[in-house]
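Worksheet: the structure to be examined is printed underneath.
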Amino acid sequence: MDLLAENQTGRTAVITGANSGLGRATAAALAAKGARVVLAVRNLRSGREAASELPGAVEVRQVDLADLASVRAFGAEFTEPIDLLINNAGIMIPPLARTADGFESQFGTNHLGHFALTNLLLPRIRGRVVTVSSNGHRVGSIDFGDLNWERKRYRAAAAYGQSKLANLLFTAELQRRLAEVGSPVLATAAHPGTAATNLLKGETPVLSPLVKAATRLLAQTSEEGARPTLYAALADVPGNSFAGPRGFLQNRGAPKLVGRSAKARDEEVARRLWTVSEELTGVRFPLTVPA
């Protein structure tokens with residue numbers, strides 16, 4: 001299936017974390033087909049370097065998902081219509097750290113930052129919101145008693161799983177709310193399988209250099225890993241779809257709709273997580289039923 005058979009001219013895509021890896025590959029594919037692509041990045045210098053090497057109409061704007069003040073500023077300054085918001089940025093299994101607002105870094109960046117950004121931009125979105133999750137969601141649990149790892153011993157992989165599970169629960173509840181108010185916007189999700197991206201670089205307490213080297217050897221390229229994201233963004237799929245590779249254990253291969261864990265299908269937890277996320281970020285669902 002050629003997901004980019006149709007020209008994307010006239011469409012605007014905002015992609016977080018698009019200066020490298022999956023985000024950059026997604027941006028390149030859309031820009032090559034005529035879309036106006038906005039790289040929403042924390043580091044303007046690396047964003048500009050990436051933009052200079054990409055085809056077509058590519059812009060760079062700053063947003064730090066680990067700082068809600070930065071997210072609010074981006075939301076206030078971006079006033080143009082958006083056809084695709086791709087929540088791609090993420091961090092994976094770092095040592096314990098806190099965001100500017102005191103949240104555990106993976107939950108704060110991967111989930112809360114994107115939660116706030118999406119709701120702030122939602123009045124201007126007219127197409128889809130695609131959130132990049134991971135097969136790591138299967139080992140995640142939402143611990144409402146200690147979402148930010150303030151009391152229990154920090155386990156980086158478990159925290160990553162919680163953040164990626166939160167991405168899927170967020171997508172499900174966002175789609176439910178969009179449908180409830182009659183919005184034509186769709187919320188979908190994707191995971192790249194195993195892709196050789198910058199998330200596998202650097203020191204982590206879980207992934208040894210040997211494991212990371214072996215993973216990179218077996219992994220798809222960033223371009224291949226971006227295909228599920230493009231599928232979730234452009235294919236004829238229903239809201240709350242989850243796209244991933246069709247190969248063994250969803251590690252690699254052409255994109256298709258895939259399943260998710262039972263925890264990711266829990267509607268009650270999804271609603272509770274949404275309420276807690278609104279309380280933590282101070283950002284709420286902005287749409288209402290038309291009068």
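Simple scheme: letters A, B, ... for chains in structure tokens order, numbers from 1 for residues in each chain, numbers from 1 for ligands in the order shown.
Here the strand (DSSP E or B) residues in region 42-223 of chain A, by DSSP on the backbone, are Val58, Glu59, Val60, Arg61, Gln62, Ile82, Asp83, Leu84, Leu85, Ile86, Asn87, Arg98, Glu104, Ile125, Arg126, Gly127, Arg128, Val129, Val130, Thr131, Val132, Leu186, Ala187, Thr188, Ala189, Ala190, Ala195 and Gln220 of chain A.
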Suppose we keep C-alpha atoms; can you now write the selection as a PDB file, in the first residue's frame?
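Contents of part-v8.pdb, as written:
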ATOM      1  CA  VAL A  58       9.634  22.638   6.442  1.00  0.00           C
ATOM      2  CA  GLU A  59       9.525  24.986   9.441  1.00  0.00           C
ATOM      3  CA  VAL A  60      10.991  24.725  12.916  1.00  0.00           C
ATOM      4  CA  ARG A  61       9.310  25.821  16.127  1.00  0.00           C
ATOM      5  CA  GLN A  62      10.377  25.252  19.696  1.00  0.00           C
ATOM      6  CA  ILE A  82      -3.495  21.793  11.506  1.00  0.00           C
ATOM      7  CA  ASP A  83      -4.358  18.706   9.471  1.00  0.00           C
ATOM      8  CA  LEU A  84      -2.082  16.265  11.305  1.00  0.00           C
ATOM      9  CA  LEU A  85      -0.703  16.476  14.816  1.00  0.00           C
ATOM     10  CA  ILE A  86       1.797  13.662  15.273  1.00  0.00           C
ATOM     11  CA  ASN A  87       2.784  13.171  18.910  1.00  0.00           C
ATOM     12  CA  ARG A  98      12.014  15.195  36.833  1.00  0.00           C
ATOM     13  CA  GLU A 104       8.749  11.720  36.415  1.00  0.00           C
ATOM     14  CA  ILE A 125      -6.927  20.528  14.323  1.00  0.00           C
ATOM     15  CA  ARG A 126      -9.113  19.410  11.412  1.00  0.00           C
ATOM     16  CA  GLY A 127      -7.712  15.992  10.555  1.00  0.00           C
ATOM     17  CA  ARG A 128      -6.041  13.537  12.904  1.00  0.00           C
ATOM     18  CA  VAL A 129      -4.077  13.265  16.112  1.00  0.00           C
ATOM     19  CA  VAL A 130      -1.578  10.411  15.909  1.00  0.00           C
ATOM     20  CA  THR A 131       0.224   9.402  19.096  1.00  0.00           C
ATOM     21  CA  VAL A 132       3.258   7.139  18.926  1.00  0.00           C
ATOM     22  CA  LEU A 186      -9.819  11.201  14.525  1.00  0.00           C
ATOM     23  CA  ALA A 187      -7.426  10.066  17.239  1.00  0.00           C
ATOM     24  CA  THR A 188      -5.195   7.136  16.281  1.00  0.00           C
ATOM     25  CA  ALA A 189      -2.001   5.556  17.579  1.00  0.00           C
ATOM     26  CA  ALA A 190       0.979   3.680  16.199  1.00  0.00           C
ATOM     27  CA  ALA A 195      13.503   0.674  15.016  1.00  0.00           C
ATOM     28  CA  GLN A 220      14.198  -1.613  11.071  1.00  0.00           C
TER      29      GLN A 220
END
ask   = Using the chain letters and numbers from this document, which residues of region 61-270 of chain A does DSSP assign to alpha helix (DSSP H), as a PyMOL selection string?
value = chain A and resi 68-77+105-106+114-121+156-180+209-218+222-225+227-234+267-270
| message | For Gly259 (chain A), find every residue with an atom within 12 Å (counting only C-alpha atoms), except residues of its own chain fewer than 3 positions away, and show them as a ChimeraX atom specification. | response | /A:134-135,137-138,168,189-191,240-246,249-250,256,262-265
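The smallest atom-to-atom distance between Thr109 (chain A) and any of A:Asn251, A:Thr281, A:Ser183, A:Thr275, using only C-alpha atoms, is found for A:Thr281.
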Practice prompt. Please provide as a VMD selection string all residues within 7 Å of region 142-158 of chain A, with the sequence filter that same-chain residues fewer than 2 positions apart are discarded (counting only C-alpha atoms).
Written response: chain A and resid 93 to 96 103 to 104 139 to 140 160 to 162
Expected file: the selected residues, N, CA and C atoms, as a CSV table (one decimal), in the first residue's frame:
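So the final result, stored in selection21.csv, reads:
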chain,number,residue,atom,x,y,z
A,93,ILE,N,13.6,5.0,28.9
A,93,ILE,CA,14.4,4.3,30.0
A,93,ILE,C,15.6,5.1,30.4
A,94,PRO,N,15.4,6.4,30.8
A,94,PRO,CA,16.5,7.1,31.3
A,94,PRO,C,16.6,6.9,32.9
A,95,PRO,N,17.7,7.3,33.5
A,95,PRO,CA,17.8,7.4,34.9
A,95,PRO,C,16.7,8.3,35.5
A,96,LEU,N,16.3,8.1,36.7
A,96,LEU,CA,15.3,8.9,37.3
A,96,LEU,C,15.6,10.4,37.1
A,103,PHE,N,7.3,16.3,37.3
A,103,PHE,CA,6.8,14.9,37.0
A,103,PHE,C,8.0,14.0,36.6
A,104,GLU,N,7.8,12.7,36.9
A,104,GLU,CA,8.7,11.7,36.4
A,104,GLU,C,8.9,11.9,34.9
A,139,VAL,N,3.9,-4.0,29.2
A,139,VAL,CA,4.4,-4.3,30.5
A,139,VAL,C,4.1,-3.1,31.4
A,140,GLY,N,3.3,-2.2,31.0
A,140,GLY,CA,3.0,-1.0,31.8
A,140,GLY,C,1.7,-1.2,32.6
A,160,TYR,N,8.7,3.6,31.7
A,160,TYR,CA,8.5,3.7,30.3
A,160,TYR,C,7.2,3.0,29.9
A,161,GLY,N,7.0,1.8,30.4
A,161,GLY,CA,5.8,1.1,30.0
A,161,GLY,C,4.5,1.8,30.5
A,162,GLN,N,4.6,2.4,31.6
A,162,GLN,CA,3.4,3.2,32.1
A,162,GLN,C,3.1,4.4,31.1
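Here CA of Ile91 (chain A) stands at a distance of 16.2 Å from CA of Gly225 (chain A).
Using only C-alpha atoms for every distance, the candidate list A:Gly182, A:Gly21, A:Gly282, A:Gly90 yields A:Gly90 as the residue closest to Asp64 (chain A).
Nearest residue to Tyr231 (chain A) among A:Gly10, A:Pro192, A:Pro123, A:Gly247 is A:Pro192, counting only C-alpha atoms.
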Near region 23-27 of chain A, within 7 Å and counting only C-alpha atoms, which residues show up once chain neighbours fewer than 5 positions away are dropped, as a short mmCIF file (atom, residue, chain, number, x, y, z; two decimals) with all heavy atoms, in the first residue's frame?
data_model
loop_
_atom_site.label_atom_id
_atom_site.label_comp_id
_atom_site.auth_asym_id
_atom_site.auth_seq_id
_atom_site.Cartn_x
_atom_site.Cartn_y
_atom_site.Cartn_z
N ILE A 15 4.79 17.87 13.90
CA ILE A 15 5.38 16.63 14.38
C ILE A 15 6.34 16.94 15.52
O ILE A 15 7.32 17.66 15.33
CB ILE A 15 6.14 15.89 13.25
CG1 ILE A 15 5.24 15.71 12.03
CG2 ILE A 15 6.66 14.54 13.74
CD1 ILE A 15 5.96 15.13 10.82
N THR A 16 6.09 16.39 16.69
CA THR A 16 7.00 16.61 17.81
C THR A 16 8.21 15.68 17.68
O THR A 16 8.12 14.58 17.16
CB THR A 16 6.30 16.38 19.16
OG1 THR A 16 5.91 15.00 19.28
CG2 THR A 16 5.07 17.27 19.31
N GLY A 17 9.34 16.16 18.17
CA GLY A 17 10.55 15.36 18.12
C GLY A 17 10.98 15.00 16.72
O GLY A 17 11.50 13.91 16.48
N ALA A 18 10.80 15.91 15.78
CA ALA A 18 11.01 15.59 14.36
C ALA A 18 12.41 15.93 13.86
O ALA A 18 12.65 15.92 12.66
CB ALA A 18 9.97 16.33 13.52
N VAL A 37 5.33 21.05 6.72
CA VAL A 37 5.67 20.29 7.92
C VAL A 37 6.33 21.21 8.95
O VAL A 37 7.27 21.93 8.63
CB VAL A 37 6.60 19.11 7.58
CG1 VAL A 37 7.00 18.37 8.86
CG2 VAL A 37 5.93 18.15 6.60
N ASN A 88 5.02 12.43 18.41
CA ASN A 88 6.07 11.45 18.18
C ASN A 88 7.18 11.47 19.22
O ASN A 88 7.77 10.44 19.50
CB ASN A 88 6.67 11.71 16.78
CG ASN A 88 8.01 11.05 16.60
OD1 ASN A 88 8.10 9.88 16.28
ND2 ASN A 88 9.08 11.81 16.81
N SER A 222 14.80 3.89 10.52
CA SER A 222 13.82 4.89 10.93
C SER A 222 12.73 5.05 9.90
O SER A 222 11.55 5.23 10.24
CB SER A 222 14.52 6.24 11.17
OG SER A 222 15.39 6.18 12.28
N GLU A 223 13.10 4.97 8.61
CA GLU A 223 12.11 5.10 7.53
C GLU A 223 11.10 3.96 7.59
O GLU A 223 9.89 4.17 7.41
CB GLU A 223 12.81 5.13 6.18
CG GLU A 223 13.58 6.40 5.89
CD GLU A 223 14.85 6.54 6.71
OE1 GLU A 223 15.39 5.49 7.18
OE2 GLU A 223 15.33 7.69 6.87
N ALA A 226 8.82 4.37 10.62
CA ALA A 226 7.83 5.45 10.50
C ALA A 226 6.58 5.02 9.76
O ALA A 226 5.56 5.73 9.79
CB ALA A 226 8.46 6.65 9.80
N LEU A 230 2.70 6.74 9.58
CA LEU A 230 2.08 7.23 8.35
C LEU A 230 0.78 6.51 8.07
O LEU A 230 -0.19 7.11 7.60
CB LEU A 230 3.06 7.07 7.18
CG LEU A 230 4.30 7.97 7.24
CD1 LEU A 230 5.34 7.52 6.22
CD2 LEU A 230 3.92 9.43 7.00
#
